[in-house]
Structure formats: structure tokens, C-alpha cells
file input38.cif (mmCIF, C-alpha atoms and all ligand atoms)
data_upload
#
loop_
_atom_site.group_PDB
_atom_site.id
_atom_site.type_symbol
_atom_site.label_atom_id
_atom_site.label_comp_id
_atom_site.auth_asym_id
_atom_site.auth_seq_id
_atom_site.Cartn_x
_atom_site.Cartn_y
_atom_site.Cartn_z
ATOM 1 C CA MET A 1 104.324 -254.189 293.376
ATOM 2 C CA ASP A 2 101.721 -253.016 295.897
ATOM 3 C CA ARG A 3 99.434 -250.085 295.201
ATOM 4 C CA ARG A 4 101.409 -247.493 297.155
ATOM 5 C CA GLU A 5 104.581 -248.527 295.369
ATOM 6 C CA PHE A 6 102.779 -248.288 292.026
ATOM 7 C CA LEU A 7 101.607 -244.753 292.805
ATOM 8 C CA LYS A 8 105.098 -243.721 293.908
ATOM 9 C CA THR A 9 106.630 -245.168 290.734
ATOM 10 C CA THR A 10 104.062 -243.338 288.622
ATOM 11 C CA GLN A 11 104.676 -240.109 290.512
ATOM 12 C CA ALA A 12 108.431 -240.438 289.980
ATOM 13 C CA LEU A 13 107.915 -241.110 286.272
ATOM 14 C CA LEU A 14 105.616 -238.127 285.841
ATOM 15 C CA ALA A 15 107.997 -235.925 287.822
ATOM 16 C CA THR A 16 110.639 -236.462 285.118
ATOM 17 C CA ILE A 17 108.149 -235.160 282.564
ATOM 18 C CA PHE A 18 106.194 -232.477 284.424
ATOM 19 C CA GLY A 19 108.618 -231.347 287.098
ATOM 20 C CA SER A 20 108.687 -232.445 290.708
ATOM 21 C CA SER A 21 105.372 -231.395 292.209
ATOM 22 C CA PHE A 22 102.793 -231.547 289.437
ATOM 23 C CA PHE A 23 101.067 -234.639 290.862
ATOM 24 C CA SER A 24 100.831 -235.557 294.523
ATOM 25 C CA ILE A 25 100.366 -239.195 295.536
ATOM 26 C CA GLU A 26 96.865 -238.273 296.771
ATOM 27 C CA GLU A 27 95.968 -236.801 293.381
ATOM 28 C CA LEU A 28 97.196 -239.875 291.538
ATOM 29 C CA ASP A 29 95.300 -242.038 293.991
ATOM 30 C CA ALA A 30 92.077 -240.109 293.263
ATOM 31 C CA MET A 31 92.681 -240.187 289.493
ATOM 32 C CA GLU A 32 93.269 -243.926 289.545
ATOM 33 C CA THR A 33 90.147 -244.760 291.534
ATOM 34 C CA SER A 34 87.932 -242.175 289.799
ATOM 35 C CA GLU A 35 84.744 -243.401 288.152
ATOM 36 C CA ASN A 36 85.083 -240.687 285.519
ATOM 37 C CA LYS A 37 88.256 -241.839 283.835
ATOM 38 C CA PRO A 38 88.328 -240.783 280.198
ATOM 39 C CA ASP A 39 88.099 -243.433 277.501
ATOM 40 C CA LEU A 40 90.869 -243.779 274.966
ATOM 41 C CA ILE A 41 90.591 -244.845 271.339
ATOM 42 C CA TRP A 42 93.860 -245.145 269.407
ATOM 43 C CA ILE A 43 93.552 -245.582 265.635
ATOM 44 C CA HIS A 44 96.291 -246.475 263.175
ATOM 45 C CA ALA A 45 95.792 -244.703 259.851
ATOM 46 C CA MET A 46 98.507 -244.685 257.149
ATOM 47 C CA SER A 47 101.436 -245.488 259.406
ATOM 48 C CA CYS A 48 104.209 -247.999 259.950
ATOM 49 C CA ASP A 49 102.976 -248.499 263.558
ATOM 50 C CA GLY A 50 106.323 -247.123 264.716
ATOM 51 C CA CYS A 51 104.684 -244.648 267.073
ATOM 52 C CA SER A 52 102.788 -247.407 268.878
ATOM 53 C CA THR A 53 105.960 -249.483 268.944
ATOM 54 C CA SER A 54 107.868 -246.575 270.454
ATOM 55 C CA PHE A 55 105.264 -246.195 273.204
ATOM 56 C CA LEU A 56 104.894 -249.919 273.880
ATOM 57 C CA ASN A 57 108.651 -250.571 273.877
ATOM 58 C CA ALA A 58 109.565 -247.951 276.464
ATOM 59 C CA GLU A 59 111.730 -249.265 279.313
ATOM 60 C CA ILE A 60 108.855 -248.840 281.765
ATOM 61 C CA PRO A 61 105.580 -250.554 280.710
ATOM 62 C CA LEU A 62 103.802 -247.260 280.041
ATOM 63 C CA VAL A 63 100.696 -248.877 278.666
ATOM 64 C CA ASP A 64 100.181 -250.718 281.982
ATOM 65 C CA ILE A 65 100.480 -247.458 283.872
ATOM 66 C CA LEU A 66 98.220 -245.612 281.447
ATOM 67 C CA SER A 67 95.563 -248.315 281.618
ATOM 68 C CA ARG A 68 95.075 -247.509 285.323
ATOM 69 C CA PHE A 69 94.165 -243.873 284.537
ATOM 70 C CA VAL A 70 92.162 -244.171 281.309
ATOM 71 C CA ASN A 71 89.918 -246.875 279.865
ATOM 72 C CA ILE A 72 91.705 -248.156 276.776
ATOM 73 C CA VAL A 73 88.736 -249.001 274.566
ATOM 74 C CA PHE A 74 90.516 -249.577 271.265
ATOM 75 C CA HIS A 75 94.145 -250.029 270.293
ATOM 76 C CA PRO A 76 94.839 -252.373 267.355
ATOM 77 C CA THR A 77 98.090 -253.658 268.852
ATOM 78 C CA VAL A 78 97.216 -254.252 272.495
ATOM 79 C CA MET A 79 93.533 -255.196 272.499
ATOM 80 C CA ALA A 80 92.514 -258.839 272.489
ATOM 81 C CA ALA A 81 89.724 -258.435 269.929
ATOM 82 C CA GLU A 82 90.485 -258.651 266.244
ATOM 83 C CA GLY A 83 88.681 -258.562 262.898
ATOM 84 C CA ARG A 84 84.890 -258.122 262.968
ATOM 85 C CA LEU A 85 84.856 -258.228 266.787
ATOM 86 C CA SER A 86 87.164 -255.233 267.041
ATOM 87 C CA MET A 87 85.014 -253.239 264.618
ATOM 88 C CA GLU A 88 81.982 -254.050 266.753
ATOM 89 C CA ILE A 89 83.714 -252.386 269.700
ATOM 90 C CA LEU A 90 83.843 -249.130 267.743
ATOM 91 C CA LYS A 91 80.274 -249.570 266.531
ATOM 92 C CA LYS A 92 78.972 -250.104 270.042
ATOM 93 C CA TYR A 93 80.949 -247.124 271.256
ATOM 94 C CA GLU A 94 78.940 -244.770 269.025
ATOM 95 C CA ASP A 95 76.192 -244.495 271.664
ATOM 96 C CA THR A 96 78.538 -243.907 274.592
ATOM 97 C CA GLN A 97 78.583 -240.468 276.202
ATOM 98 C CA ASN A 98 81.840 -240.861 278.173
ATOM 99 C CA ASP A 99 84.669 -238.364 277.995
ATOM 100 C CA LEU A 100 86.827 -239.563 275.108
ATOM 101 C CA ILE A 101 90.409 -239.007 273.981
ATOM 102 C CA LEU A 102 91.217 -239.960 270.389
ATOM 103 C CA ILE A 103 94.782 -240.721 269.326
ATOM 104 C CA VAL A 104 95.539 -241.022 265.623
ATOM 105 C CA GLU A 105 98.800 -242.453 264.353
ATOM 106 C CA GLY A 106 99.657 -241.960 260.664
ATOM 107 C CA ALA A 107 98.383 -239.660 257.931
ATOM 108 C CA ILE A 108 94.763 -239.748 256.794
ATOM 109 C CA PRO A 109 93.552 -240.235 253.196
ATOM 110 C CA SER A 110 92.195 -237.144 251.471
ATOM 111 C CA LYS A 111 88.500 -236.512 250.883
ATOM 112 C CA GLU A 112 88.959 -237.414 247.223
ATOM 113 C CA LEU A 113 90.660 -240.788 247.795
ATOM 114 C CA PRO A 114 89.215 -242.115 251.064
ATOM 115 C CA HIS A 115 89.592 -245.746 249.950
ATOM 116 C CA ALA A 116 93.400 -245.397 250.207
ATOM 117 C CA CYS A 117 93.119 -246.662 253.784
ATOM 118 C CA MET A 118 90.344 -248.850 255.159
ATOM 119 C CA MET A 119 89.676 -250.392 258.568
ATOM 120 C CA GLY A 120 87.207 -253.244 258.542
ATOM 121 C CA GLU A 121 84.959 -252.361 255.663
ATOM 122 C CA GLU A 122 84.964 -248.653 256.372
ATOM 123 C CA PHE A 123 87.042 -245.749 255.158
ATOM 124 C CA ILE A 124 89.400 -245.026 258.010
ATOM 125 C CA ARG A 125 88.863 -241.336 257.363
ATOM 126 C CA ASP A 126 85.155 -241.750 258.239
ATOM 127 C CA THR A 127 85.986 -243.749 261.357
ATOM 128 C CA ILE A 128 88.416 -241.069 262.512
ATOM 129 C CA VAL A 129 86.042 -238.188 261.798
ATOM 130 C CA ASN A 130 83.087 -239.874 263.532
ATOM 131 C CA THR A 131 85.193 -240.745 266.563
ATOM 132 C CA ALA A 132 86.727 -237.262 266.700
ATOM 133 C CA ARG A 133 83.245 -235.700 266.766
ATOM 134 C CA LYS A 134 82.614 -237.451 270.082
ATOM 135 C CA ALA A 135 86.072 -236.781 271.526
ATOM 136 C CA SER A 136 87.095 -233.937 273.848
ATOM 137 C CA LEU A 137 90.706 -234.161 272.722
ATOM 138 C CA ALA A 138 92.344 -235.468 269.546
ATOM 139 C CA ILE A 139 96.056 -236.240 269.582
ATOM 140 C CA ALA A 140 98.123 -236.570 266.411
ATOM 141 C CA ALA A 141 100.782 -239.102 267.455
ATOM 142 C CA GLY A 142 103.991 -238.720 265.462
ATOM 143 C CA THR A 143 105.054 -236.678 262.450
ATOM 144 C CA CYS A 144 102.793 -238.404 259.879
ATOM 145 C CA ALA A 145 99.596 -237.574 261.778
ATOM 146 C CA SER A 146 100.872 -234.088 262.616
ATOM 147 C CA PHE A 147 102.529 -232.949 259.374
ATOM 148 C CA LEU A 148 102.359 -235.951 256.954
ATOM 149 C CA GLY A 149 106.057 -236.807 257.365
ATOM 150 C CA ILE A 150 107.142 -239.909 255.418
ATOM 151 C CA CYS A 151 103.694 -240.088 253.774
ATOM 152 C CA ASP A 152 104.498 -236.847 251.960
ATOM 153 C CA MET A 153 108.132 -237.469 251.041
ATOM 154 C CA LYS A 154 109.360 -237.012 247.497
ATOM 155 C CA GLY A 155 108.386 -239.985 245.350
ATOM 156 C CA MET A 156 105.428 -240.987 247.507
ATOM 157 C CA HIS A 157 102.199 -240.633 245.555
ATOM 158 C CA ILE A 158 99.821 -240.636 248.470
ATOM 159 C CA ASP A 159 97.097 -238.041 248.690
ATOM 160 C CA ALA A 160 96.939 -237.584 252.450
ATOM 161 C CA VAL A 161 96.133 -234.962 255.066
ATOM 162 C CA SER A 162 97.127 -234.423 258.667
ATOM 163 C CA LEU A 163 94.664 -235.030 261.515
ATOM 164 C CA LYS A 164 94.200 -231.294 262.048
ATOM 165 C CA LYS A 165 93.500 -230.633 258.375
ATOM 166 C CA CYS A 166 91.128 -233.596 258.123
ATOM 167 C CA LEU A 167 89.049 -232.372 261.059
ATOM 168 C CA GLU A 168 88.992 -228.829 259.655
ATOM 169 C CA GLU A 169 87.768 -230.156 256.301
ATOM 170 C CA GLU A 170 84.945 -231.991 258.064
ATOM 171 C CA SER A 171 84.091 -229.034 260.360
ATOM 172 C CA VAL A 172 84.963 -230.963 263.527
ATOM 173 C CA ASP A 173 86.108 -228.515 266.196
ATOM 174 C CA THR A 174 87.673 -230.984 268.651
ATOM 175 C CA PRO A 175 90.997 -229.510 269.828
ATOM 176 C CA VAL A 176 94.029 -231.201 268.271
ATOM 177 C CA VAL A 177 97.456 -231.541 269.882
ATOM 178 C CA ASN A 178 100.288 -232.396 267.492
ATOM 179 C CA LEU A 179 103.112 -234.559 268.835
ATOM 180 C CA PRO A 180 105.556 -234.729 265.920
ATOM 181 C CA ALA A 181 108.693 -236.928 265.982
ATOM 182 C CA CYS A 182 109.434 -240.022 263.964
ATOM 183 C CA PRO A 183 108.644 -242.033 265.947
ATOM 184 C CA LEU A 184 106.514 -240.394 268.647
ATOM 185 C CA LYS A 185 108.301 -239.702 271.917
ATOM 186 C CA PRO A 186 106.437 -241.539 274.715
ATOM 187 C CA ASN A 187 107.050 -238.753 277.241
ATOM 188 C CA HIS A 188 105.275 -236.261 274.943
ATOM 189 C CA LEU A 189 102.213 -238.476 274.853
ATOM 190 C CA LEU A 190 102.216 -239.173 278.589
ATOM 191 C CA TYR A 191 102.484 -235.444 279.285
ATOM 192 C CA THR A 192 99.553 -234.593 277.005
ATOM 193 C CA LEU A 193 97.380 -237.381 278.399
ATOM 194 C CA PHE A 194 98.105 -236.768 282.071
ATOM 195 C CA TYR A 195 97.767 -233.007 281.639
ATOM 196 C CA TYR A 196 94.329 -233.634 280.170
ATOM 197 C CA ILE A 197 93.327 -236.208 282.795
ATOM 198 C CA LYS A 198 94.170 -233.746 285.563
ATOM 199 C CA ASN A 199 92.888 -230.490 284.020
ATOM 200 C CA ARG A 200 90.388 -231.713 281.403
ATOM 201 C CA LYS A 201 91.909 -229.338 278.883
ATOM 202 C CA THR A 202 94.779 -229.349 276.411
ATOM 203 C CA PRO A 203 98.247 -228.289 277.535
ATOM 204 C CA PRO A 204 99.558 -224.908 276.301
ATOM 205 C CA VAL A 205 100.489 -225.236 272.626
ATOM 206 C CA ASP A 206 102.271 -223.156 269.981
ATOM 207 C CA LEU A 207 100.886 -221.988 266.640
ATOM 208 C CA MET A 208 101.445 -225.465 265.187
ATOM 209 C CA HIS A 209 99.472 -227.026 268.049
ATOM 210 C CA ARG A 210 102.535 -228.621 269.634
ATOM 211 C CA PRO A 211 102.966 -228.557 273.449
ATOM 212 C CA LEU A 212 105.135 -225.553 274.294
ATOM 213 C CA ARG A 213 106.816 -227.582 276.990
ATOM 214 C CA PHE A 214 108.609 -229.674 274.358
ATOM 215 C CA PHE A 215 108.567 -227.613 271.196
ATOM 216 C CA GLY A 216 109.458 -224.147 272.437
ATOM 217 C CA ASN A 217 113.128 -224.465 271.503
ATOM 218 C CA THR A 218 115.245 -225.905 268.750
ATOM 219 C CA VAL A 219 117.421 -228.978 269.189
ATOM 220 C CA HIS A 220 120.384 -226.669 268.530
ATOM 221 C CA GLU A 221 119.593 -224.368 271.448
ATOM 222 C CA ARG A 222 119.916 -227.252 273.915
ATOM 223 C CA CYS A 223 122.648 -229.164 272.165
ATOM 224 C CA VAL A 224 125.680 -230.646 273.895
ATOM 225 C CA TYR A 225 127.749 -229.371 270.954
ATOM 226 C CA TYR A 226 126.444 -225.840 271.134
ATOM 227 C CA ASN A 227 129.783 -224.486 272.367
ATOM 228 C CA ASP A 228 131.628 -226.379 269.638
ATOM 229 C CA PHE A 229 129.320 -224.746 267.124
ATOM 230 C CA GLN A 230 130.186 -221.306 268.475
ATOM 231 C CA GLU A 231 133.894 -222.154 268.507
ATOM 232 C CA LYS A 232 133.600 -223.594 264.980
ATOM 233 C CA ILE A 233 134.779 -227.032 266.019
ATOM 234 C CA PHE A 234 133.058 -229.243 263.474
ATOM 235 C CA ALA A 235 133.032 -233.003 262.970
ATOM 236 C CA LYS A 236 134.283 -233.985 259.529
ATOM 237 C CA ARG A 237 132.905 -237.505 259.698
ATOM 238 C CA ILE A 238 130.271 -239.234 261.762
ATOM 239 C CA GLY A 239 131.979 -240.317 264.972
ATOM 240 C CA ASP A 240 134.336 -237.312 265.109
ATOM 241 C CA ARG A 241 134.197 -235.009 268.090
ATOM 242 C CA GLY A 242 132.489 -231.685 267.464
ATOM 243 C CA CYS A 243 129.361 -230.054 266.167
ATOM 244 C CA LEU A 244 127.632 -231.969 263.365
ATOM 245 C CA PHE A 245 126.458 -228.915 261.453
ATOM 246 C CA LYS A 246 128.739 -229.538 258.500
ATOM 247 C CA LEU A 247 127.424 -233.076 258.228
ATOM 248 C CA GLY A 248 123.953 -231.717 257.579
ATOM 249 C CA CYS A 249 122.619 -231.442 261.136
ATOM 250 C CA GLN A 250 119.136 -229.962 261.161
ATOM 251 C CA GLY A 251 119.107 -229.132 264.862
ATOM 252 C CA PRO A 252 119.086 -225.371 264.159
ATOM 253 C CA VAL A 253 115.803 -225.587 262.256
ATOM 254 C CA THR A 254 114.045 -228.314 264.262
ATOM 255 C CA LYS A 255 112.017 -227.613 267.369
ATOM 256 C CA CYS A 256 112.018 -230.494 269.832
ATOM 257 C CA ASP A 257 113.287 -231.290 273.318
ATOM 258 C CA CYS A 258 115.404 -234.289 272.267
ATOM 259 C CA ILE A 259 118.340 -233.152 274.346
ATOM 260 C CA LYS A 260 117.865 -232.247 278.013
ATOM 261 C CA SER A 261 114.410 -233.749 278.131
ATOM 262 C CA GLY A 262 115.237 -235.412 281.426
ATOM 263 C CA ASN A 263 114.238 -238.914 280.354
ATOM 264 C CA ASP A 264 115.666 -241.846 278.412
ATOM 265 C CA TYR A 265 115.912 -239.738 275.301
ATOM 266 C CA ASP A 266 118.435 -237.593 277.086
ATOM 267 C CA LYS A 267 120.687 -240.639 277.240
ATOM 268 C CA TYR A 268 119.915 -242.025 273.818
ATOM 269 C CA ASN A 269 119.278 -239.085 271.499
ATOM 270 C CA CYS A 270 120.604 -238.907 267.943
ATOM 271 C CA ILE A 271 123.262 -236.266 268.491
ATOM 272 C CA LYS A 272 124.728 -237.866 271.598
ATOM 273 C CA SER A 273 124.954 -241.054 269.531
ATOM 274 C CA GLY A 274 127.116 -239.119 267.086
ATOM 275 C CA HIS A 275 124.530 -238.699 264.349
ATOM 276 C CA PRO A 276 123.277 -235.397 262.920
ATOM 277 C CA CYS A 277 119.673 -234.498 263.648
ATOM 278 C CA ILE A 278 117.586 -235.316 260.567
ATOM 279 C CA GLY A 279 114.760 -233.067 261.734
ATOM 280 C CA CYS A 280 112.302 -235.900 262.297
ATOM 281 C CA ALA A 281 110.026 -233.684 264.411
ATOM 282 C CA SER A 282 110.013 -230.874 261.880
ATOM 283 C CA GLU A 283 107.075 -229.826 259.756
ATOM 284 C CA ASN A 284 109.474 -230.164 256.783
ATOM 285 C CA PHE A 285 110.515 -233.756 257.504
ATOM 286 C CA PRO A 286 111.700 -235.572 255.468
ATOM 287 C CA ARG A 287 113.619 -233.072 253.392
ATOM 288 C CA ASN A 288 114.559 -234.092 249.868
ATOM 289 C CA ILE A 289 118.219 -234.291 250.818
ATOM 290 C CA LEU A 290 118.494 -235.380 254.433
ATOM 291 C CA PHE A 291 122.202 -234.868 254.864
ATOM 292 C CA LYS A 292 123.038 -231.967 252.623
ATOM 293 C CA ARG A 293 126.443 -230.845 253.793
ATOM 294 C CA ALA A 294 126.506 -227.310 255.086
ATOM 295 C CA ASP A 295 129.874 -225.959 254.009
ATOM 296 C CA ASP A 296 128.498 -222.522 253.338
ATOM 297 C CA GLU A 297 129.837 -220.125 255.996
ATOM 298 C CA ARG A 298 126.806 -217.873 255.565
ATOM 299 C CA LYS A 299 124.640 -220.590 257.098
ATOM 300 C CA LEU A 300 126.849 -220.581 260.178
ATOM 301 C CA GLU A 301 126.346 -216.853 260.523
ATOM 302 C CA LYS A 302 122.613 -217.330 260.397
ATOM 303 C CA TYR A 303 122.521 -219.556 263.483
ATOM 304 C CA LYS A 304 125.414 -218.250 265.542
ATOM 305 C CA ASP A 305 123.317 -215.928 267.703
ATOM 306 C CA PHE A 306 120.911 -218.621 268.832
ATOM 307 C CA LYS A 307 120.946 -218.635 272.580
ATOM 308 C CA ARG A 308 122.028 -221.627 274.645
ATOM 309 C CA ILE A 309 119.261 -223.016 276.837
HETATM 310 S S1 LIG B 401 124.319 -227.900 264.511
HETATM 311 FE FE1 LIG B 401 123.532 -229.836 265.354
HETATM 312 S S2 LIG B 401 125.288 -230.789 266.416
HETATM 313 FE FE2 LIG B 401 125.802 -228.617 266.043
HETATM 314 S S3 LIG B 401 125.220 -227.561 267.916
HETATM 315 FE FE3 LIG B 401 123.481 -227.417 266.512
HETATM 316 S S4 LIG B 401 122.174 -229.163 266.979
HETATM 317 FE FE4 LIG B 401 124.161 -229.563 267.914
HETATM 318 S S1 LIG B 402 117.599 -235.082 267.327
HETATM 319 FE FE1 LIG B 402 116.456 -234.552 265.433
HETATM 320 S S2 LIG B 402 116.265 -236.488 264.290
HETATM 321 FE FE2 LIG B 402 116.840 -236.997 266.406
HETATM 322 S S3 LIG B 402 114.861 -237.383 267.447
HETATM 323 FE FE3 LIG B 402 115.378 -235.213 267.751
HETATM 324 S S4 LIG B 402 114.342 -234.102 266.078
HETATM 325 FE FE4 LIG B 402 114.404 -236.282 265.531
#

call {"tool": "encode", "arguments": {"input": "input38.cif", "output": "C-alpha cells", "more": "lines below"}}
Ligand code: SF4
Ligand code: SF4
result
Amino acid sequence: MDRREFLKTTQALLATIFGSSFFSIEELDAMETSENKPDLIWIHAMSCDGCSTSFLNAEIPLVDILSRFVNIVFHPTVMAAEGRLSMEILKKYEDTQNDLILIVEGAIPSKELPHACMMGEEFIRDTIVNTARKASLAIAAGTCASFLGICDMKGMHIDAVSLKKCLEEESVDTPVVNLPACPLKPNHLLYTLFYYIKNRKTPPVDLMHRPLRFFGNTVHERCVYYNDFQEKIFAKRIGDRGCLFKLGCQGPVTKCDCIKSGNDYDKYNCIKSGHPCIGCASENFPRNILFKRADDERKLEKYKDFKRI
């Protein structure tokens, strides 16, 4: 692929996320050749690495595209260095003054139990806090980093905090953008990164620090079964036609753009696959009972006036 073709492909990809005219070819050209590209450090805390896997497994090689617009300094999965050598990269980086974006995947151990997660011979909490102090933007990738998610489910005895809470505890005022979903949705991350690269500021966020572009509405408000919900046509079993509310769908209480996001997830989202939303992007995920059946008519009343988007 020649350079012009690469820029056109990138522009087309970003147009599906930002809307048609957010980036011109000339702008992308300037961003790609800029000498002031931000650096990127991506750290895995207490996570299953699913968010990295989600990003790296996208149909288009997003990491290749991203690497032309930021300097990827540290990512445990894609960098060649390992062991002591990889820790030296972070050590050397301490004196660098470049513009830095920090991405954290997974929850972070509490102040009281920092040894719950180590990287090299250091508490990962210290590594994250020290890196965040230098960063202009900190991104919590996925539900664990944003709201604890699986790390805080019933039966887990892990004393952990979210990225935002950790930085507040350590008086680090770097702005945090939360990108909840289990796993992370690659288009959410690309949007946040490219918005920052272009504007050198965070995208507009809601009170929970999530980009408004993706988290302004519930799954329910955009759902393909919205009309079925209003008409009270409910699926009785997974695979039946109709709204999945009575099978425990949590779309009405989960804010995310899973449906109508204009990308692969539009084709492959949970509900279109016939499965109720389990609220993976919610601040309450995972609930104690994921699929509690909702036979109570009063619950239907509660959501029936939600508008269709
Ligand atoms: S309850 Fe679930 S399946 Fe039914 S309309 Fe809402 S989001 Fe869609
Ligand atoms: S539909 Fe629900 S469970 Fe599925 S990805 Fe979206 S928020 Fe997560």
C-alpha cells in the first residue's frame, strides 16, 4: 500500500468513528509526518489482557495505523523487549519531556496492598502513578480500569481501585478518560487517541468521564428490538424473535453505543447475535445475577418512555 492509499484508508476508518469530515487527508499527512507525535505507554495492571487482545485482533491492523501517529514506547504484548530490558525502557523514559499518553488496562491494587500486582520488581501501582504524573492524558481501557468490573465481582477478594480513583488518591491531576466495555471497544480508543492527537485535549466526557459520543445513550435507546419492546413482543428463549428484556437484558440501564456505532460492532453486537446485553460497559458490571429474568410488569413501565434514537 503506498502512502496516499494508507492515508485514504486511515481517513475512511476514522470517518466511520468521527463522522465524514473530521480529518482531511492533508491533516492526516501533517499528523503522520509531525516531529511532535505524542508518546504512548500502555500498561497492563490486574487484567486478563482482553482489552489489548480486542484492539490487536480488530479486522484492520489498528496498531499498525496507530504506530504511524504516535510513538508506541511500551506495550507488553507488541514490543520486542521483555524482562529487565523492558523495565529499562520505562526507567529511561523517566527523564523524557515528550507529550505522553498513558493507557492502563485492568484494575490497580489499593494503597494498602500494592504488592497484589507487580511489574518487574516494582509495584505496578507506583509505575502507573509515576507515569501518569508525566502524562497529558490517561486512558482507562476497559471496564476493570474504569469501574473495576470483573475485579470487583462477588466472590473476588481483590482490594483494587480504578485508574481515576488511584490518581485521585495520589493527587495526580492528569485528566482521565474512561472507556468501559468488557473488552474495550477499539473504536472508542481510536476516537479518544485521534481526538487528542488533533486537538491536544480530551474529548467531551460525561460525569463518569466517558466520551459523550459513545456513552450518551443507553443500549436500549438504539436497539433493533426497541419497537418490539414497545409492542411487548418478548423472546421467551435465546434465539427467539423479539425483545430480550424478559431474558434479563440490561440494555435499558447500560450506556454504550454497541448498536448503531457504524463499525464492526454494529454487525456483531450481542443483541443482534440474539443474546441479552449483560451490561459489560456499565459501572455496575458484573451484577450478582447476570440474567435475572424480568417478569415484573412494573419494570416494563419504568423503561417504556425511553426515546428511540
Ligand atoms: S430490553 Fe434489550 S433487547 Fe429489548 S429493546 Fe431494550 S436493549 Fe433491546
Ligand atoms: S450490548 Fe451490552 S453486553 Fe454487549 S457489548 Fe454492549 S454493553 Fe456490553

call {"tool": "resolve_selection", "arguments": {"input": "input38.cif", "expression": "the PyMOL selection byres (((chain A and resi 186) around 9) and not hetatm)", "output": "PyMOL selection string"}}
result
chain A and resi 51+54-56+58+62+184-185+187-191

call {"tool": "resolve_selection", "arguments": {"input": "input38.cif", "expression": "the PyMOL selection byres (((not hetatm)) within 9 of (chain B and resi 401))", "output": "PyMOL selection string"}}
result
chain A and resi 218-230+234-235+242-254+271-272+274-277+300+303

call {"tool": "residues_near_ligand", "arguments": {"input": "input38.cif", "ligand": "ligand LIG 402 (chain B)", "cutoff": "6 Å", "atoms": "only C-alpha atoms and all ligand atoms", "output": "list in words"}}
result
Ala181, Cys256, Cys258, Cys270, Ile271, Cys277, Ile278, Gly279, Cys280 and Ala281 of chain A

call {"tool": "resolve_selection", "arguments": {"input": "input38.cif", "expression": "the PyMOL selection byres (((chain A and resi 13-29) around 8) and not hetatm)", "output": "NGL selection string"}}
result
:A and (7-12 or 30-33 or 187 or 191 or 261-263)

call {"tool": "residues_near_point", "arguments": {"input": "input38.cif", "point": "(82.9, -235.6, 278.6)", "cutoff": "10 Å", "atoms": "only C-alpha atoms", "output": "list of chain:residue names"}}
result
A:Asn36, A:Lys37, A:Pro38, A:Asp39, A:Gln97, A:Asn98, A:Asp99, A:Leu100, A:Ile101, A:Lys134, A:Ala135, A:Ser136, A:Leu137, A:Arg200

call {"tool": "residues_around", "arguments": {"input": "input38.cif", "residues": "stretch 40-43 of chain A", "least_positions_apart": "3", "cutoff": "6 Å", "atoms": "only C-alpha atoms", "output": "number ranges by chain"}}
result
A: 71-75, 100-104

call {"tool": "atom_distance", "arguments": {"input": "input38.cif", "atom1": "atom CA of A:Ile139", "atom2": "atom CA of A:Val176"}}
result
5.6 Å

call {"tool": "closest_residue", "arguments": {"input": "input38.cif", "among": "A:Val161, A:Ala116, A:Leu66, A:Cys151", "to": "A:Leu193", "atoms": "all atoms listed in the file"}}
result
A:Leu66

call {"tool": "atom_distance", "arguments": {"input": "input38.cif", "atom1": "atom CA of A:Ser162", "atom2": "atom CA of A:Glu59"}}
result
29.3 Å

call {"tool": "residues_around", "arguments": {"input": "input38.cif", "residues": "stretch 87-91 of chain A", "least_positions_apart": "2", "cutoff": "8 Å", "atoms": "only C-alpha atoms", "output": "number ranges by chain"}}
result
A: 73-74, 82-85, 93-94, 120
